[in-house]
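**Student:** Pasting in a structure now, in structure tokens, and then I'll have a few things to ask.
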Amino acid sequence: MSKLGLIEQGAVAIDSVQGTIVFAGPVSALPRDQLAPSCRLVDASGKVVMPGFVDSHTHLVFAGTRADEFYRRARGETYQEIARGGGGIIKTVQATRQATEDELYASAVGRLWQLYSNGTTAVESKSGYGLERDTELKCLRVNRRLAQDSPGLVFSTLMAAHVVPPEYTERRGAYLELVRDLTGEVTALGVADFHDVFVDPLAFTVDEAAQISSQGRWAGLRLKLHADEFGDDGTAAWGVAENALSIDHLAGIGDGGIAAMAAGESVATLLPATMFFSRTGMFAPARRMIDAGCPVALATDLNPGSSLVYSMPFVMSLAVLHMGMSAEECICASTINAAYALDAAGQIGSLEAGKRADVIVVDVPDYEEIAYHVGADLIRDSIIAGKFVKRDGRMVPANSNI
Ligand code: NIG
Ligand code: FE
């Protein structure tokens, strides 16, 4: 994670029709004779050119607001107290059930473009604020519409196993059956790429997650997990044994979990913005994890309750300040490792010929400065699949040619 493959005098050539990178390397090796006469030059002298950020964990599709909880936590209430008192995820569920598909789509597009403005070029988006068949499907259809109509890749995750909705508290088994049926249905409809389970005293037990995991395997959906978020529940080691694609949060992971993740294939996706925003005062032990050999990714966890955070550079600042990560580790975790967490490392996450041309130009002379300018808008240009979405610091309409 500390080797970036930096090229000091570099060039990237893009086929803007195919939307792919055709060359990435030293400017001296640029095959100039193969470039079309119409080829346009984007001067990035003295700036950092890098792969766009991959935000591999978001809850992008939701309705309503939880601004009240933000201020309640600031006065001392905890995330768990608010959730147990009828706020939290359930409050967003009520608003999301009431919203139309078009309303959900319109608000999610707005958030997606906020992410683009901050240099993110590919995202994952979970359902999980429906917790009933129709609303879960509505949110997953919104994910697919986003994928179709937006320049960047949008991966869709079924997370009906976010929490047990109040109408099922006395009938957890019946809710697990609903999740099972939905797992089959979303696969038949082709509206999900992955599925996710929140394993936590507030949500699902490991035994329940095991049932859901085997249903997902049967349906052909790779597993993602919200695990060991507030304490060491032993979920990380279990997730590795389940061959989860990624295991996320992990603020409470213990030594056993770290050893299992270092030996396994699952990507550890750390979400320091959640810990910051929800004021839990705990951060994942990233330093110990990376030193032990765990593959670590970073993501925003964008959601209305625990992390209304849109900026990967800000997440990187938190990763440095609160988790002791280096500049190189932050970049690796926000690009190629995050692409692995989406099973998409062959397509995105690095500047290599043949990959999608998802490229950003950052207005700093050295990559070390990205996390250092906390909260600044440093993204000068963002190119997604070979087309500008941001140019000279301003957002441009979709499909504007390079
Ligand atoms: O990733 N941990 C559970 N789910 C979300 C929180 C969602 C919410 O509070 O609305 C998370 O932090
Ligand atoms: Fe989450």
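Each chain in the structure tokens gets a letter, A, B, ..., in the order shown, and its residues are numbered from 1; ligands are numbered from 1 in order too.
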Write out as a list in words which residues come within 7 Å of Ala227 of chain A when counting only C-alpha atoms, dropping same-chain ones fewer than 2 positions away.
**Tutor:** Phe198, Val199, Leu225, Glu229, Thr235, Ala236, Ile247, Asp248, His249 and Leu250 of chain A
**Student:** Within 9 Å of ligand 2, which residues show up when you count only C-alpha atoms and all ligand atoms? List them as number ranges by chain, please.
**Tutor:** A: 57-59, 126, 162, 198, 225-226, 248-249, 271, 274, 300-303, 306-307
**Student:** Convert the current residue selection to file output with N, CA, C and O atoms, as a tab-separated table (two decimals), in the first residue's frame.
**Tutor:**
chain	number	residue	atom	x	y	z
A	57	HIS	N	-18.56	2.36	-0.45
A	57	HIS	CA	-19.57	2.11	0.60
A	57	HIS	C	-20.38	3.38	0.81
A	57	HIS	O	-19.91	4.33	1.45
A	58	THR	N	-21.58	3.43	0.21
A	58	THR	CA	-22.49	4.56	0.47
A	58	THR	C	-23.92	4.06	0.61
A	58	THR	O	-24.26	2.97	0.17
A	59	HIS	N	-24.72	4.91	1.27
A	59	HIS	CA	-26.18	4.70	1.34
A	59	HIS	C	-26.78	5.94	0.65
A	59	HIS	O	-27.27	6.85	1.30
A	126	LYS	N	-26.17	1.40	-1.55
A	126	LYS	CA	-26.93	0.31	-0.91
A	126	LYS	C	-28.40	0.67	-0.77
A	126	LYS	O	-28.72	1.83	-0.53
A	162	HIS	N	-30.52	-4.51	6.91
A	162	HIS	CA	-29.90	-3.34	7.57
A	162	HIS	C	-30.28	-3.39	9.05
A	162	HIS	O	-29.41	-3.46	9.92
A	198	PHE	N	-25.87	-5.94	8.19
A	198	PHE	CA	-25.34	-5.22	9.36
A	198	PHE	C	-25.36	-6.19	10.54
A	198	PHE	O	-26.43	-6.55	11.04
A	225	LEU	N	-20.18	-6.76	4.33
A	225	LEU	CA	-20.65	-6.76	5.73
A	225	LEU	C	-20.40	-5.43	6.40
A	225	LEU	O	-19.38	-4.77	6.14
A	226	HIS	N	-21.35	-5.02	7.28
A	226	HIS	CA	-21.11	-3.99	8.28
A	226	HIS	C	-20.75	-4.77	9.54
A	226	HIS	O	-21.61	-5.47	10.09
A	248	ASP	N	-16.69	-4.13	6.40
A	248	ASP	CA	-16.63	-2.68	6.52
A	248	ASP	C	-16.88	-2.19	7.96
A	248	ASP	O	-17.52	-2.89	8.74
A	249	HIS	N	-16.42	-1.00	8.26
A	249	HIS	CA	-16.48	-0.34	9.57
A	249	HIS	C	-15.29	-0.76	10.43
A	249	HIS	O	-14.28	-0.08	10.45
A	271	LEU	N	-14.16	3.39	7.60
A	271	LEU	CA	-15.07	4.51	7.37
A	271	LEU	C	-14.89	5.56	8.47
A	271	LEU	O	-15.77	5.76	9.31
A	274	THR	N	-17.59	8.14	9.51
A	274	THR	CA	-18.71	7.71	10.36
A	274	THR	C	-18.37	7.91	11.83
A	274	THR	O	-19.19	8.37	12.62
A	300	THR	N	-16.70	6.77	2.18
A	300	THR	CA	-17.39	7.81	2.97
A	300	THR	C	-18.47	7.25	3.89
A	300	THR	O	-18.77	7.85	4.91
A	301	ASP	N	-19.13	6.13	3.48
A	301	ASP	CA	-20.33	5.65	4.18
A	301	ASP	C	-21.46	6.69	4.09
A	301	ASP	O	-22.33	6.74	4.97
A	302	LEU	N	-21.42	7.54	3.08
A	302	LEU	CA	-22.44	8.59	2.95
A	302	LEU	C	-23.83	8.07	3.29
A	302	LEU	O	-24.34	7.14	2.67
A	303	ASN	N	-24.45	8.66	4.32
A	303	ASN	CA	-25.82	8.31	4.73
A	303	ASN	C	-26.34	9.45	5.61
A	303	ASN	O	-25.56	10.25	6.12
A	306	SER	N	-25.32	8.63	10.10
A	306	SER	CA	-24.02	8.52	10.77
A	306	SER	C	-22.86	9.12	9.98
A	306	SER	O	-21.74	9.18	10.50
A	307	SER	N	-23.12	9.58	8.73
A	307	SER	CA	-22.00	10.14	7.96
A	307	SER	C	-22.50	10.89	6.73
A	307	SER	O	-22.46	10.36	5.63
**Student:** Using only C-alpha atoms, which residues sit within 12 Å of Val267 of chain A once same-chain residues fewer than 3 positions away are excluded, as a PyMOL selection string?
**Tutor:** chain A and resi 56-57+223-225+236+239-240+243-250+258+260-264+270+289-290+293-299+333+336-343
**Student:** Using only C-alpha atoms, which residue out of A:Phe70, A:Tyr105, A:Tyr175, A:Phe194 lies closest to Glu124 of chain A?
**Tutor:**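 Nearest candidate to Glu124 of chain A out of A:Phe70, A:Tyr105, A:Tyr175, A:Phe194: A:Phe194.
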**Student:** Which of these, A:Asp15, A:Asp232, A:Asp43, A:Asp196, has the shortest distance to ligand 1 once you count only C-alpha atoms and all ligand atoms?
**Tutor:**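 Smallest separation from ligand 1 among the options: A:Asp196.
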**Student:** If you count only C-alpha atoms, which residues fall within 7 Å of segment 309-317 of chain A, apart from same-chain ones fewer than 4 positions away, as an MDAnalysis selection string?
**Tutor:** chainID A and resid 53 114:115 118 272:273 299:300 302 321 330 370:372 374:375
**Student:** Of the candidates A:Val361, A:Val163, A:Ile384, A:Leu378, which shows the shortest atom-to-atom distance to Met50 of chain A, using only C-alpha atoms?
**Tutor:**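 So, comparing all the options, the nearest one is A:Val361.
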**Student:** Need the shell around segment 206-221 of chain A: protein/DNA/RNA residues with any atom at most 7 Å away, counting only C-alpha atoms. Skip same-chain ones fewer than 4 positions apart. Format as an MDAnalysis selection string?
**Tutor:** chainID A and resid 180 183:184 187 193:195 197 199 235
**Student:** Give me the residues near Pro31 of chain A as a PyMOL selection string, where near means some atom within 10 Å (using only C-alpha atoms) and where sequence neighbours in that chain fewer than 4 positions away do not count.
**Tutor:** chain A and resi 13+22-23+27+35
**Student:** Could you tell me, as a PyMOL selection string, which residues of segment 81-241 of chain A DSSP assigns to alpha helix (DSSP H) when given the backbone?
**Tutor:** chain A and resi 81-84+89-98+101-117+133-149+172-189+206-219+235-241
**Student:** Skipping near chain neighbours, those fewer than 5 positions away, what residues fall within 12 Å of Ala83 of chain A using only C-alpha atoms, listed as a list in words?
**Tutor:**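 Near neighbours after the sequence-gap exclusion: Arg66, Glu69, Arg72, Arg73, Glu77, Thr78, Gly88, Ile89, Ile90, Lys91, Thr92, Val163, Pro165, Pro166, Pro201, Leu202, Ala203, Gly305 and Ser306 of chain A.
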**Student:** Output all heavy atoms of each residue in that selection to a file, as a compact mmCIF listing (two decimals), in the first residue's frame.
**Tutor:**
# COMPACT_ATOMS: atom_id res chain seq x y z
N ARG A 66 -31.99 13.90 8.96
CA ARG A 66 -31.80 13.58 10.38
C ARG A 66 -30.90 14.65 11.01
O ARG A 66 -30.11 14.36 11.91
CB ARG A 66 -31.21 12.17 10.53
CG ARG A 66 -32.01 11.10 9.78
CD ARG A 66 -32.36 9.89 10.57
NE ARG A 66 -31.28 9.21 11.18
CZ ARG A 66 -30.59 8.16 10.65
NH1 ARG A 66 -30.90 7.70 9.45
NH2 ARG A 66 -29.63 7.59 11.32
N GLU A 69 -30.74 14.83 14.78
CA GLU A 69 -29.88 13.87 15.50
C GLU A 69 -28.43 14.35 15.54
O GLU A 69 -27.70 14.08 16.50
CB GLU A 69 -29.94 12.50 14.81
CG GLU A 69 -31.34 11.90 14.83
CD GLU A 69 -31.42 10.56 14.10
OE1 GLU A 69 -30.37 10.01 13.72
OE2 GLU A 69 -32.54 10.07 13.93
N ARG A 72 -28.39 16.59 18.37
CA ARG A 72 -28.60 15.86 19.63
C ARG A 72 -27.32 15.14 20.05
O ARG A 72 -26.96 15.13 21.23
CB ARG A 72 -29.75 14.86 19.48
CG ARG A 72 -31.12 15.53 19.56
CD ARG A 72 -32.24 14.62 19.09
NE ARG A 72 -32.42 13.45 19.94
CZ ARG A 72 -33.24 12.44 19.64
NH1 ARG A 72 -33.95 12.46 18.51
NH2 ARG A 72 -33.38 11.43 20.46
N ARG A 73 -26.62 14.56 19.08
CA ARG A 73 -25.35 13.89 19.42
C ARG A 73 -24.34 14.90 19.93
O ARG A 73 -23.57 14.63 20.86
CB ARG A 73 -24.79 13.13 18.22
CG ARG A 73 -25.38 11.75 18.04
CD ARG A 73 -24.53 10.91 17.10
NE ARG A 73 -24.36 11.56 15.80
CZ ARG A 73 -25.24 11.55 14.82
NH1 ARG A 73 -26.37 10.89 14.96
NH2 ARG A 73 -25.01 12.18 13.69
N GLU A 77 -26.14 12.87 23.38
CA GLU A 77 -26.83 11.60 23.15
C GLU A 77 -25.99 10.74 22.20
O GLU A 77 -25.28 11.27 21.35
CB GLU A 77 -28.20 11.83 22.53
CG GLU A 77 -29.26 12.31 23.51
CD GLU A 77 -30.61 12.45 22.84
OE1 GLU A 77 -31.30 11.45 22.61
OE2 GLU A 77 -30.97 13.61 22.52
N THR A 78 -26.08 9.43 22.34
CA THR A 78 -25.28 8.58 21.46
C THR A 78 -26.13 8.09 20.28
O THR A 78 -27.37 8.14 20.32
CB THR A 78 -24.75 7.32 22.19
OG1 THR A 78 -25.86 6.50 22.55
CG2 THR A 78 -23.96 7.70 23.43
N GLY A 88 -32.83 7.36 14.29
CA GLY A 88 -31.90 6.48 13.59
C GLY A 88 -32.45 5.97 12.27
O GLY A 88 -33.27 6.63 11.62
N ILE A 89 -31.99 4.79 11.89
CA ILE A 89 -32.31 4.21 10.59
C ILE A 89 -33.83 4.21 10.33
O ILE A 89 -34.29 4.53 9.24
CB ILE A 89 -31.72 2.78 10.52
CG1 ILE A 89 -30.19 2.85 10.51
CG2 ILE A 89 -32.24 2.03 9.29
CD1 ILE A 89 -29.48 1.51 10.66
N ILE A 90 -34.61 3.89 11.39
CA ILE A 90 -36.06 3.76 11.22
C ILE A 90 -36.70 5.08 10.77
O ILE A 90 -37.66 5.10 10.00
CB ILE A 90 -36.70 3.25 12.54
CG1 ILE A 90 -36.26 1.80 12.77
CG2 ILE A 90 -38.21 3.37 12.54
CD1 ILE A 90 -36.56 0.85 11.62
N LYS A 91 -36.15 6.19 11.22
CA LYS A 91 -36.70 7.48 10.80
C LYS A 91 -36.52 7.67 9.29
O LYS A 91 -37.43 8.12 8.59
CB LYS A 91 -36.00 8.61 11.58
CG LYS A 91 -36.67 9.93 11.33
CD LYS A 91 -36.14 11.03 12.21
CE LYS A 91 -36.74 12.35 11.73
NZ LYS A 91 -35.96 13.50 12.13
N THR A 92 -35.35 7.29 8.79
CA THR A 92 -35.12 7.41 7.34
C THR A 92 -35.97 6.40 6.58
O THR A 92 -36.43 6.67 5.47
CB THR A 92 -33.62 7.20 7.04
OG1 THR A 92 -32.87 8.17 7.78
CG2 THR A 92 -33.31 7.36 5.56
N VAL A 163 -31.57 -3.34 9.35
CA VAL A 163 -32.08 -3.66 10.70
C VAL A 163 -33.41 -4.38 10.52
O VAL A 163 -33.98 -4.39 9.42
CB VAL A 163 -32.32 -2.39 11.58
CG1 VAL A 163 -31.02 -1.74 11.98
CG2 VAL A 163 -33.24 -1.39 10.90
N PRO A 165 -37.20 -4.24 10.80
CA PRO A 165 -38.16 -3.13 10.95
C PRO A 165 -39.11 -3.39 12.12
O PRO A 165 -39.35 -4.55 12.48
CB PRO A 165 -38.91 -3.13 9.61
CG PRO A 165 -38.74 -4.49 9.06
CD PRO A 165 -37.44 -5.02 9.58
N PRO A 166 -39.65 -2.32 12.73
CA PRO A 166 -40.45 -2.46 13.95
C PRO A 166 -41.60 -3.45 13.82
O PRO A 166 -41.89 -4.18 14.75
CB PRO A 166 -40.99 -1.05 14.21
CG PRO A 166 -40.23 -0.13 13.32
CD PRO A 166 -39.50 -0.92 12.30
N PRO A 201 -25.49 -5.76 17.66
CA PRO A 201 -26.59 -5.94 18.63
C PRO A 201 -27.85 -5.16 18.23
O PRO A 201 -28.96 -5.57 18.57
CB PRO A 201 -26.00 -5.38 19.93
CG PRO A 201 -24.53 -5.54 19.78
CD PRO A 201 -24.23 -5.39 18.32
N LEU A 202 -27.70 -4.07 17.46
CA LEU A 202 -28.86 -3.30 17.01
C LEU A 202 -29.53 -3.93 15.80
O LEU A 202 -30.62 -3.53 15.42
CB LEU A 202 -28.42 -1.90 16.55
CG LEU A 202 -28.22 -0.77 17.55
CD1 LEU A 202 -27.69 0.46 16.82
CD2 LEU A 202 -29.52 -0.43 18.26
N ALA A 203 -28.86 -4.89 15.17
CA ALA A 203 -29.35 -5.36 13.87
C ALA A 203 -29.44 -6.89 13.82
O ALA A 203 -30.39 -7.47 14.35
CB ALA A 203 -28.45 -4.80 12.77
N GLY A 305 -27.64 9.51 8.59
CA GLY A 305 -27.60 9.42 10.04
C GLY A 305 -26.20 9.48 10.62
O GLY A 305 -25.92 10.28 11.52
N SER A 306 -25.32 8.63 10.10
CA SER A 306 -24.02 8.52 10.77
C SER A 306 -22.86 9.12 9.98
O SER A 306 -21.74 9.18 10.50
CB SER A 306 -23.71 7.05 11.09
OG SER A 306 -23.51 6.32 9.92
**Student:** What separation in Å, quoted to one decimal, exists between atom CA of Tyr168 of chain A and atom CA of Gly86 of chain A?
**Tutor:**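 Atom CA of Gly86 of chain A lies 14.6 Å from atom CA of Tyr168 of chain A.
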**Student:** Any idea what the distance is between atom CA of Met282 of chain A and atom CA of Ile253 of chain A?
**Tutor:**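 Spanning atom CA of Met282 of chain A to atom CA of Ile253 of chain A is a straight-line distance of 10.9 Å.
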**Student:** Pick out the closest residue to Ser334 of chain A from this set: A:Phe283, A:Thr120, A:Val164, A:Gly5. Count only C-alpha atoms.
**Tutor:**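 Of all the options, A:Thr120 lies closest to Ser334 of chain A.
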